[in-house]
Amino acid sequence: MKREIIIGPIVLLIIWGIIHYTGLINQVLLPSPIAVAKAVIAEFSHGKLLQDLVATIIRFLWGFLSAAIVGIILGVILGYYEKLYSSVEVIIDFFRSVPATALFPLFMLFFGVGDFAKISVVFFSCSLIILINTAYGVKNASLLRIRLARVLRANRNQLLFKIILPDSLPHIFAGLRIGISFALLVVVVTEMFLGTLIGLGHRIIDDQLIYKVPEMYAAIIVTGILGYILNKGFVYFEHRIVHWSGK
Amino acid sequence: MLKPYVCIEKIGKSYLENHKIKNQLVVLDGIDINIRKGEFVSIFGPNGCGKTTLLNIIAGLISQDSGRVTINGKAPQEAHIGYVFQNYPQSLLPWKKTIDNIAFPLELQGIDRTGRRKMAKDLVDSLALDIPLDSFPYQLSGGQQQMAVIARSLISNPDILLMDEPFSALNFQTRLYMQDKIQEIWDKTKITLIFVSHEIEEAIYTADRVIVFTNKPTHVANVFEPELKRPRTRDVTLSKDFLDLKKDILSLMDIAIK
């Protein structure tokens with residue numbers, strides 16, 4: 001890893017510190033980096049923040065993984081049968097265009113305010129994007145490699161599992177990558193609604209309501225780190241699996 | 001009379017332009033070619049004359065409108081085909097190592113991994129191909145990709161090997177090398193080879209017989225037999241026989257494409 005990557009974060013912390021200590025922004029609204037760091041440690045040490053983190057991760061995983069499984073399977077089917085895809089394309093594009101959070105109140109009506117409603121919204125928000133990317137990848141599998149399979153007299157299963165599916169992996173992974181960002185966003189937003197007692201979104205809104213500002217920053221930073229690790233981890237994983245992508 | 005190994009009889013093929021019946025474009029207009037077992041045949045003709053269409057028909061990928069193809073007594077769909085596509089680099093599977101690409105036809109036949117890898121390695125060794133087998137296709141040079149594709153086309157002992165302008169994307173030096181290499185491979189494997197080329201020197205230099213196509217609607221303009229002894233070396237391209245033949249073909253082309 002390159003050493004210069006730490007320069008940016010350090011400069012950001014210094015600027016933050018300068019703004020805080022010079023009082024350029026109300027010190028109550030922008031606590032010092034040290035106060036926030038202390039809040040992170042304190043919040044973790046009595047276990048609450050960890051609890052919130054775990055709750056958020058679990059909701060995220062349920063929503064994202066179920067969306068991935070359903071999105072990939074349906075995407076392959078729709079990508080494979082072009083007529084089927086065309087017949088549902090408008091529906092997919094419509095629901096994809098509805099911001100998932102706009103549907104949360106509706107989901108609450110149906111599923112109540114518990115985890116199931118939240119996970120459903122996450123599922124809804126990511127599954128379509130994963131589905132679309134998968135179908136696109138399957139539809140656009142290399143014609144030349146499909147011709148190769150035909151020359152080699154591959155059967156239908158071989159064509160699907162040994163040519164088309166691996167060929168569409170870069171697109172599937174692109175869909176999953178977008179899905180991860182969506183999922184985290186939606187989890188945190190839904191946690192800010194009624195009926196939630198734990199979760200990072202709940203922690204952030206709660207701290208804000210009672211002016212526990214350093215604690216609020218601590219929760220935001222932990223959420224950011226979670227998102228960062230998820231994204232970076234996924235990209236690392238993606239590069240290892242679809243190593244040929246873009247080459 | 002003994003039937004030729006590959007029989008291409010009166011092949012006709014038209015396409016509809018813009019899907020309109022009245023805009024029927026005749027591409028192949030009664031192509032007749034007979035090929036002996038183990039023969040190296042090159043097909044030379046103007047761009048867009050339907051050489052690739054003919055190869056696709058021979059490979060059983062598309063069907064002809066009229067005429068018949070048999071390969072070793074079999075219909076194209078039943079025959080075992082080795083096909084090096086024109087843009088062959090994209091026909092390599094980038095998610096598989098080179099050795100597994102070469103062994104891919106065997107994988108489809110259900111041969112286990114160890115067995116097929118050994119067969120791929122043996123083939124590469126026996127043909128003295130210089131390919132890094134443990135690399136992925138995108139890590140290979142153009143010439144190495146080419147050799148990998150040729151090895152893949154040969155691994156399951158096809159009845160015939162089809163090559164569609166295989167060397168056109170290679171740089172000059174590699175192209176010369178591959179022109180010699182393909183003759184060496186052909187000599188070792190005794191494969192029946194149809195080699196489509198748009199380079200006249202390449203067509204003459206490599207083949208037993210050069211079949212010259214006309215423009216659309218395409219038929220065989222003439223057939224030439226370069227009587228150049230094998231193994232051929234570069235200096236043959238400067239010999240009188242070679243240059244005379246080249247001149248004949250070029251003047252024929254002048255007439256054929258007018």
# chains A, B, ... in the order shown; residues from 1 in each chain; ligands from 1
>>> closest_atom_pairs(of="chain B", to="chain A", cutoff="10 Å", atoms="only C-alpha atoms", output="JSON lines")
{"residue": "B:Asn56", "atom": "CA", "partner": "A:Val151", "partner_atom": "CA", "distance": 9.4}
{"residue": "B:Ala59", "atom": "CA", "partner": "A:Val151", "partner_atom": "CA", "distance": 6.7}
{"residue": "B:Gly60", "atom": "CA", "partner": "A:Val151", "partner_atom": "CA", "distance": 7.5}
{"residue": "B:Leu61", "atom": "CA", "partner": "A:Val151", "partner_atom": "CA", "distance": 7.0}
{"residue": "B:Pro76", "atom": "CA", "partner": "A:Val151", "partner_atom": "CA", "distance": 9.8}
{"residue": "B:Gln77", "atom": "CA", "partner": "A:Arg153", "partner_atom": "CA", "distance": 8.4}
{"residue": "B:Glu78", "atom": "CA", "partner": "A:Arg153", "partner_atom": "CA", "distance": 9.1}
{"residue": "B:Ala79", "atom": "CA", "partner": "A:Val151", "partner_atom": "CA", "distance": 9.7}
{"residue": "B:His80", "atom": "CA", "partner": "A:Leu152", "partner_atom": "CA", "distance": 7.8}
{"residue": "B:Ile81", "atom": "CA", "partner": "A:Val151", "partner_atom": "CA", "distance": 6.5}
{"residue": "B:Gly82", "atom": "CA", "partner": "A:Val151", "partner_atom": "CA", "distance": 7.6}
{"residue": "B:Tyr83", "atom": "CA", "partner": "A:Val151", "partner_atom": "CA", "distance": 7.3}
{"residue": "B:Val84", "atom": "CA", "partner": "A:Leu148", "partner_atom": "CA", "distance": 9.1}
{"residue": "B:Phe85", "atom": "CA", "partner": "A:Leu144", "partner_atom": "CA", "distance": 8.1}
{"residue": "B:Gln86", "atom": "CA", "partner": "A:Leu144", "partner_atom": "CA", "distance": 9.8}
{"residue": "B:Asn87", "atom": "CA", "partner": "A:Leu144", "partner_atom": "CA", "distance": 8.3}
{"residue": "B:Tyr88", "atom": "CA", "partner": "A:Leu144", "partner_atom": "CA", "distance": 8.4}
{"residue": "B:Pro89", "atom": "CA", "partner": "A:Leu144", "partner_atom": "CA", "distance": 9.8}
{"residue": "B:Gln90", "atom": "CA", "partner": "A:Leu144", "partner_atom": "CA", "distance": 6.9}
{"residue": "B:Ser91", "atom": "CA", "partner": "A:Arg145", "partner_atom": "CA", "distance": 5.1}
{"residue": "B:Leu92", "atom": "CA", "partner": "A:Arg145", "partner_atom": "CA", "distance": 7.5}
{"residue": "B:Leu93", "atom": "CA", "partner": "A:Arg145", "partner_atom": "CA", "distance": 7.6}
{"residue": "B:Pro94", "atom": "CA", "partner": "A:Trp244", "partner_atom": "CA", "distance": 5.8}
{"residue": "B:Trp95", "atom": "CA", "partner": "A:Trp244", "partner_atom": "CA", "distance": 6.4}
{"residue": "B:Lys96", "atom": "CA", "partner": "A:Trp244", "partner_atom": "CA", "distance": 9.4}
{"residue": "B:Phe104", "atom": "CA", "partner": "A:Leu152", "partner_atom": "CA", "distance": 9.1}
{"residue": "B:Pro105", "atom": "CA", "partner": "A:Leu152", "partner_atom": "CA", "distance": 6.3}
{"residue": "B:Leu106", "atom": "CA", "partner": "A:Leu152", "partner_atom": "CA", "distance": 9.5}
{"residue": "B:Glu107", "atom": "CA", "partner": "A:Lys162", "partner_atom": "CA", "distance": 9.7}
{"residue": "B:Leu108", "atom": "CA", "partner": "A:Ala154", "partner_atom": "CA", "distance": 6.3}
{"residue": "B:Gln109", "atom": "CA", "partner": "A:Ala154", "partner_atom": "CA", "distance": 8.5}
{"residue": "B:Phe136", "atom": "CA", "partner": "A:Trp244", "partner_atom": "CA", "distance": 8.3}
{"residue": "B:Pro137", "atom": "CA", "partner": "A:Trp244", "partner_atom": "CA", "distance": 9.0}
{"residue": "B:Tyr138", "atom": "CA", "partner": "A:Lys247", "partner_atom": "CA", "distance": 6.4}
{"residue": "B:Gln139", "atom": "CA", "partner": "A:Lys247", "partner_atom": "CA", "distance": 8.9}
{"residue": "B:Ser153", "atom": "CA", "partner": "A:Leu152", "partner_atom": "CA", "distance": 9.1}
{"residue": "B:Ser156", "atom": "CA", "partner": "A:Leu152", "partner_atom": "CA", "distance": 9.5}
{"residue": "B:Pro158", "atom": "CA", "partner": "A:Leu152", "partner_atom": "CA", "distance": 10.0}
>>> write_last_selection(atoms="N, CA and C atoms", output="tab-separated table (two decimals), in the first residue's frame")
chain	number	residue	atom	x	y	z
B	56	ASN	N	-18.51	-20.83	-41.65
B	56	ASN	CA	-19.59	-21.05	-40.68
B	56	ASN	C	-20.53	-22.16	-41.12
B	59	ALA	N	-18.70	-25.36	-40.54
B	59	ALA	CA	-18.68	-25.66	-39.10
B	59	ALA	C	-20.05	-26.04	-38.57
B	60	GLY	N	-21.09	-25.88	-39.39
B	60	GLY	CA	-22.43	-26.20	-38.94
B	60	GLY	C	-23.04	-25.12	-38.07
B	61	LEU	N	-22.47	-23.92	-38.10
B	61	LEU	CA	-23.00	-22.83	-37.27
B	61	LEU	C	-24.20	-22.16	-37.93
B	76	PRO	N	-22.05	-31.46	-41.25
B	76	PRO	CA	-21.27	-30.56	-40.40
B	76	PRO	C	-21.64	-30.66	-38.91
B	77	GLN	N	-22.94	-30.77	-38.63
B	77	GLN	CA	-23.36	-30.78	-37.22
B	77	GLN	C	-22.86	-32.03	-36.48
B	78	GLU	N	-22.62	-33.10	-37.25
B	78	GLU	CA	-22.14	-34.31	-36.58
B	78	GLU	C	-20.61	-34.39	-36.57
B	79	ALA	N	-20.00	-33.57	-37.41
B	79	ALA	CA	-18.55	-33.65	-37.52
B	79	ALA	C	-17.89	-32.95	-36.34
B	80	HIS	N	-16.64	-33.28	-36.18
B	80	HIS	CA	-15.83	-32.72	-35.12
B	80	HIS	C	-15.02	-31.57	-35.73
B	81	ILE	N	-15.28	-30.35	-35.27
B	81	ILE	CA	-14.69	-29.19	-35.93
B	81	ILE	C	-13.71	-28.47	-35.02
B	82	GLY	N	-12.59	-28.12	-35.56
B	82	GLY	CA	-11.70	-27.17	-34.88
B	82	GLY	C	-11.81	-25.86	-35.63
B	83	TYR	N	-12.09	-24.77	-34.90
B	83	TYR	CA	-12.36	-23.52	-35.61
B	83	TYR	C	-11.59	-22.39	-34.92
B	84	VAL	N	-10.69	-21.77	-35.66
B	84	VAL	CA	-9.99	-20.60	-35.13
B	84	VAL	C	-10.68	-19.37	-35.72
B	85	PHE	N	-11.44	-18.69	-34.87
B	85	PHE	CA	-12.21	-17.54	-35.35
B	85	PHE	C	-11.29	-16.38	-35.71
B	86	GLN	N	-11.85	-15.49	-36.51
B	86	GLN	CA	-11.05	-14.35	-36.95
B	86	GLN	C	-10.56	-13.52	-35.76
B	87	ASN	N	-11.49	-13.16	-34.87
B	87	ASN	CA	-11.04	-12.43	-33.68
B	87	ASN	C	-10.88	-13.39	-32.52
B	88	TYR	N	-9.98	-14.34	-32.75
B	88	TYR	CA	-9.77	-15.44	-31.81
B	88	TYR	C	-9.41	-15.01	-30.38
B	89	PRO	N	-8.73	-13.85	-30.15
B	89	PRO	CA	-8.37	-13.58	-28.74
B	89	PRO	C	-9.59	-13.56	-27.84
B	90	GLN	N	-10.72	-13.02	-28.38
B	90	GLN	CA	-11.93	-12.97	-27.55
B	90	GLN	C	-12.59	-14.34	-27.39
B	91	SER	N	-12.13	-15.31	-28.16
B	91	SER	CA	-12.73	-16.64	-28.01
B	91	SER	C	-12.08	-17.41	-26.88
B	92	LEU	N	-10.97	-16.88	-26.34
B	92	LEU	CA	-10.37	-17.51	-25.16
B	92	LEU	C	-11.22	-17.13	-23.94
B	93	LEU	N	-11.32	-18.03	-22.99
B	93	LEU	CA	-12.13	-17.76	-21.81
B	93	LEU	C	-11.22	-17.10	-20.76
B	94	PRO	N	-11.42	-15.81	-20.49
B	94	PRO	CA	-10.46	-15.09	-19.64
B	94	PRO	C	-10.47	-15.57	-18.19
B	95	TRP	N	-11.53	-16.29	-17.79
B	95	TRP	CA	-11.59	-16.75	-16.40
B	95	TRP	C	-10.84	-18.05	-16.20
B	96	LYS	N	-10.33	-18.62	-17.28
B	96	LYS	CA	-9.60	-19.88	-17.17
B	96	LYS	C	-8.14	-19.66	-17.53
B	104	PHE	N	-10.32	-27.02	-22.73
B	104	PHE	CA	-11.77	-26.79	-22.59
B	104	PHE	C	-12.65	-27.76	-23.40
B	105	PRO	N	-12.28	-28.07	-24.65
B	105	PRO	CA	-13.12	-29.04	-25.39
B	105	PRO	C	-13.20	-30.39	-24.66
B	106	LEU	N	-12.11	-30.76	-24.00
B	106	LEU	CA	-12.11	-32.03	-23.26
B	106	LEU	C	-12.99	-31.93	-22.02
B	107	GLU	N	-13.00	-30.72	-21.42
B	107	GLU	CA	-13.87	-30.51	-20.25
B	107	GLU	C	-15.33	-30.73	-20.64
B	108	LEU	N	-15.69	-30.19	-21.81
B	108	LEU	CA	-17.08	-30.37	-22.26
B	108	LEU	C	-17.38	-31.84	-22.53
B	109	GLN	N	-16.34	-32.59	-22.87
B	109	GLN	CA	-16.55	-34.02	-23.12
B	109	GLN	C	-16.56	-34.83	-21.84
B	136	PHE	N	-3.07	-16.43	-17.42
B	136	PHE	CA	-4.40	-16.22	-17.98
B	136	PHE	C	-4.25	-15.64	-19.39
B	137	PRO	N	-5.25	-15.87	-20.24
B	137	PRO	CA	-5.12	-15.48	-21.65
B	137	PRO	C	-4.73	-14.01	-21.85
B	138	TYR	N	-5.27	-13.13	-20.98
B	138	TYR	CA	-4.97	-11.72	-21.18
B	138	TYR	C	-3.53	-11.36	-20.83
B	139	GLN	N	-2.81	-12.32	-20.27
B	139	GLN	CA	-1.40	-12.07	-19.96
B	139	GLN	C	-0.49	-12.52	-21.09
B	153	SER	N	-8.10	-25.82	-30.62
B	153	SER	CA	-8.86	-26.34	-31.76
B	153	SER	C	-8.44	-27.75	-32.13
B	156	SER	N	-9.06	-32.04	-29.42
B	156	SER	CA	-9.95	-33.20	-29.43
B	156	SER	C	-9.93	-33.91	-30.79
B	158	PRO	N	-9.98	-33.02	-34.14
B	158	PRO	CA	-11.12	-32.75	-35.01
B	158	PRO	C	-10.93	-33.39	-36.39
>>> residues_around(residues="Ala35 (chain A)", least_positions_apart="6", cutoff="10 Å", atoms="only C-alpha atoms", output="PDB file with N, CA, C and O atoms, in the first residue's frame")
ATOM      1  N   ILE A  41     -14.476   5.628  21.797  1.00  0.00           N
ATOM      2  CA  ILE A  41     -13.961   4.644  22.757  1.00  0.00           C
ATOM      3  C   ILE A  41     -14.971   4.401  23.882  1.00  0.00           C
ATOM      4  O   ILE A  41     -15.274   3.257  24.235  1.00  0.00           O
ATOM      5  N   VAL A 213     -23.714  15.443  21.004  1.00  0.00           N
ATOM      6  CA  VAL A 213     -23.085  15.662  19.700  1.00  0.00           C
ATOM      7  C   VAL A 213     -21.830  14.809  19.467  1.00  0.00           C
ATOM      8  O   VAL A 213     -21.711  14.170  18.416  1.00  0.00           O
ATOM      9  N   PRO A 214     -20.872  14.754  20.397  1.00  0.00           N
ATOM     10  CA  PRO A 214     -19.696  13.908  20.127  1.00  0.00           C
ATOM     11  C   PRO A 214     -20.103  12.451  19.884  1.00  0.00           C
ATOM     12  O   PRO A 214     -19.547  11.783  19.007  1.00  0.00           O
ATOM     13  N   GLU A 215     -21.096  11.979  20.641  1.00  0.00           N
ATOM     14  CA  GLU A 215     -21.556  10.598  20.475  1.00  0.00           C
ATOM     15  C   GLU A 215     -22.196  10.408  19.097  1.00  0.00           C
ATOM     16  O   GLU A 215     -22.051   9.361  18.472  1.00  0.00           O
ATOM     17  N   TYR A 217     -21.384  12.115  16.389  1.00  0.00           N
ATOM     18  CA  TYR A 217     -20.264  12.020  15.438  1.00  0.00           C
ATOM     19  C   TYR A 217     -19.626  10.633  15.491  1.00  0.00           C
ATOM     20  O   TYR A 217     -19.274  10.051  14.465  1.00  0.00           O
ATOM     21  N   ALA A 218     -19.498  10.126  16.719  1.00  0.00           N
ATOM     22  CA  ALA A 218     -18.884   8.795  16.866  1.00  0.00           C
ATOM     23  C   ALA A 218     -19.686   7.759  16.069  1.00  0.00           C
ATOM     24  O   ALA A 218     -19.116   6.950  15.329  1.00  0.00           O
TER      25      ALA A 218
END
>>> atom_distance(atom1="CA of Gly73 (chain B)", atom2="CA of Tyr5 (chain B)")
7.2 Å
>>> residues_around(residues="Ser66 (chain B)", least_positions_apart="5", cutoff="12 Å", atoms="only C-alpha atoms", output="list in words")
Ile8, Glu9, Lys10, Ile11, Gly12, Lys13, Ser14, Val26, Leu28, Asp29, Gly30, Ile31, Asp32 and Ile57 of chain B
>>> closest_residue(among="A:Ile73, A:Val187, A:Val122, A:Ile130", to="Leu200 (chain A)", atoms="only C-alpha atoms")
A:Val187
>>> residues_around(residues="Leu53 (chain A)", least_positions_apart="2", cutoff="9 Å", atoms="only C-alpha atoms", output="CSV table (one decimal) with N, CA and C atoms, in the first residue's frame")
chain,number,residue,atom,x,y,z
A,48,LYS,N,-22.6,-0.3,23.9
A,48,LYS,CA,-23.9,0.1,23.2
A,48,LYS,C,-23.6,0.2,21.7
A,49,LEU,N,-22.5,0.9,21.4
A,49,LEU,CA,-22.2,1.1,20.0
A,49,LEU,C,-22.0,-0.2,19.2
A,50,LEU,N,-21.3,-1.1,20.0
A,50,LEU,CA,-21.1,-2.4,19.3
A,50,LEU,C,-22.4,-3.1,19.0
A,51,GLN,N,-23.3,-3.0,20.0
A,51,GLN,CA,-24.6,-3.6,19.8
A,51,GLN,C,-25.3,-3.0,18.6
A,55,ALA,N,-26.3,-4.9,15.1
A,55,ALA,CA,-27.7,-5.0,14.6
A,55,ALA,C,-27.7,-4.5,13.2
A,56,THR,N,-27.0,-3.4,12.9
A,56,THR,CA,-27.0,-2.8,11.6
A,56,THR,C,-26.4,-3.8,10.6
A,57,ILE,N,-25.3,-4.4,11.0
A,57,ILE,CA,-24.7,-5.4,10.1
A,57,ILE,C,-25.6,-6.6,9.8
A,58,ILE,N,-26.3,-7.0,10.8
A,58,ILE,CA,-27.2,-8.2,10.6
A,58,ILE,C,-28.3,-7.9,9.6
A,198,ILE,N,-32.3,-0.5,18.5
A,198,ILE,CA,-30.8,-0.6,18.3
A,198,ILE,C,-30.6,-0.5,16.8
A,199,GLY,N,-29.3,-0.1,16.5
A,199,GLY,CA,-28.9,0.1,15.1
A,199,GLY,C,-28.2,1.5,15.0
A,200,LEU,N,-27.3,1.6,14.1
A,200,LEU,CA,-26.5,2.8,13.9
A,200,LEU,C,-27.3,4.0,13.6
A,219,ALA,N,-21.0,7.8,16.2
A,219,ALA,CA,-21.8,6.9,15.5
A,219,ALA,C,-21.7,7.0,14.0
A,222,VAL,N,-18.4,5.6,12.8
A,222,VAL,CA,-18.5,4.2,12.8
A,222,VAL,C,-19.3,3.7,11.6
A,223,THR,N,-20.4,4.3,11.3
A,223,THR,CA,-21.1,4.0,10.1
A,223,THR,C,-20.3,4.1,8.9
A,226,LEU,N,-17.8,1.4,8.6
A,226,LEU,CA,-18.5,0.2,8.2
A,226,LEU,C,-18.7,0.2,6.7
>>> residues_around(residues="region 41-50 of chain B", least_positions_apart="2", cutoff="7 Å", atoms="only C-alpha atoms", output="ChimeraX atom specification")
/B:27-28,39,52-54,193-198,200,203,207-216,218
>>> atom_distance(atom1="CA of Asp244 (chain B)", atom2="CA of Pro226 (chain B)")
10.0 Å
>>> closest_residue(among="A:Phe234, A:Phe193, A:Tyr85, A:Tyr228", to="Thr134 (chain A)", atoms="only C-alpha atoms")
A:Tyr85
>>> residues_around(residues="region 1-14 of chain A", least_positions_apart="2", cutoff="10 Å", atoms="only C-alpha atoms", output="list in words")
Trp16, Gly17, Ile18, Ile19, His20, Ser32, Pro33 and Ile34 of chain A
>>> select_by_dssp(residues="region 119-201 of chain A", states="helix (DSSP H, G or I)", output="ChimeraX atom specification")
/A:119-139,143-151,156-191,200-201
>>> select_by_dssp(residues="region 119-170 of chain B", states="strand (DSSP E)", output="PyMOL selection string")
chain B and resi 160-164
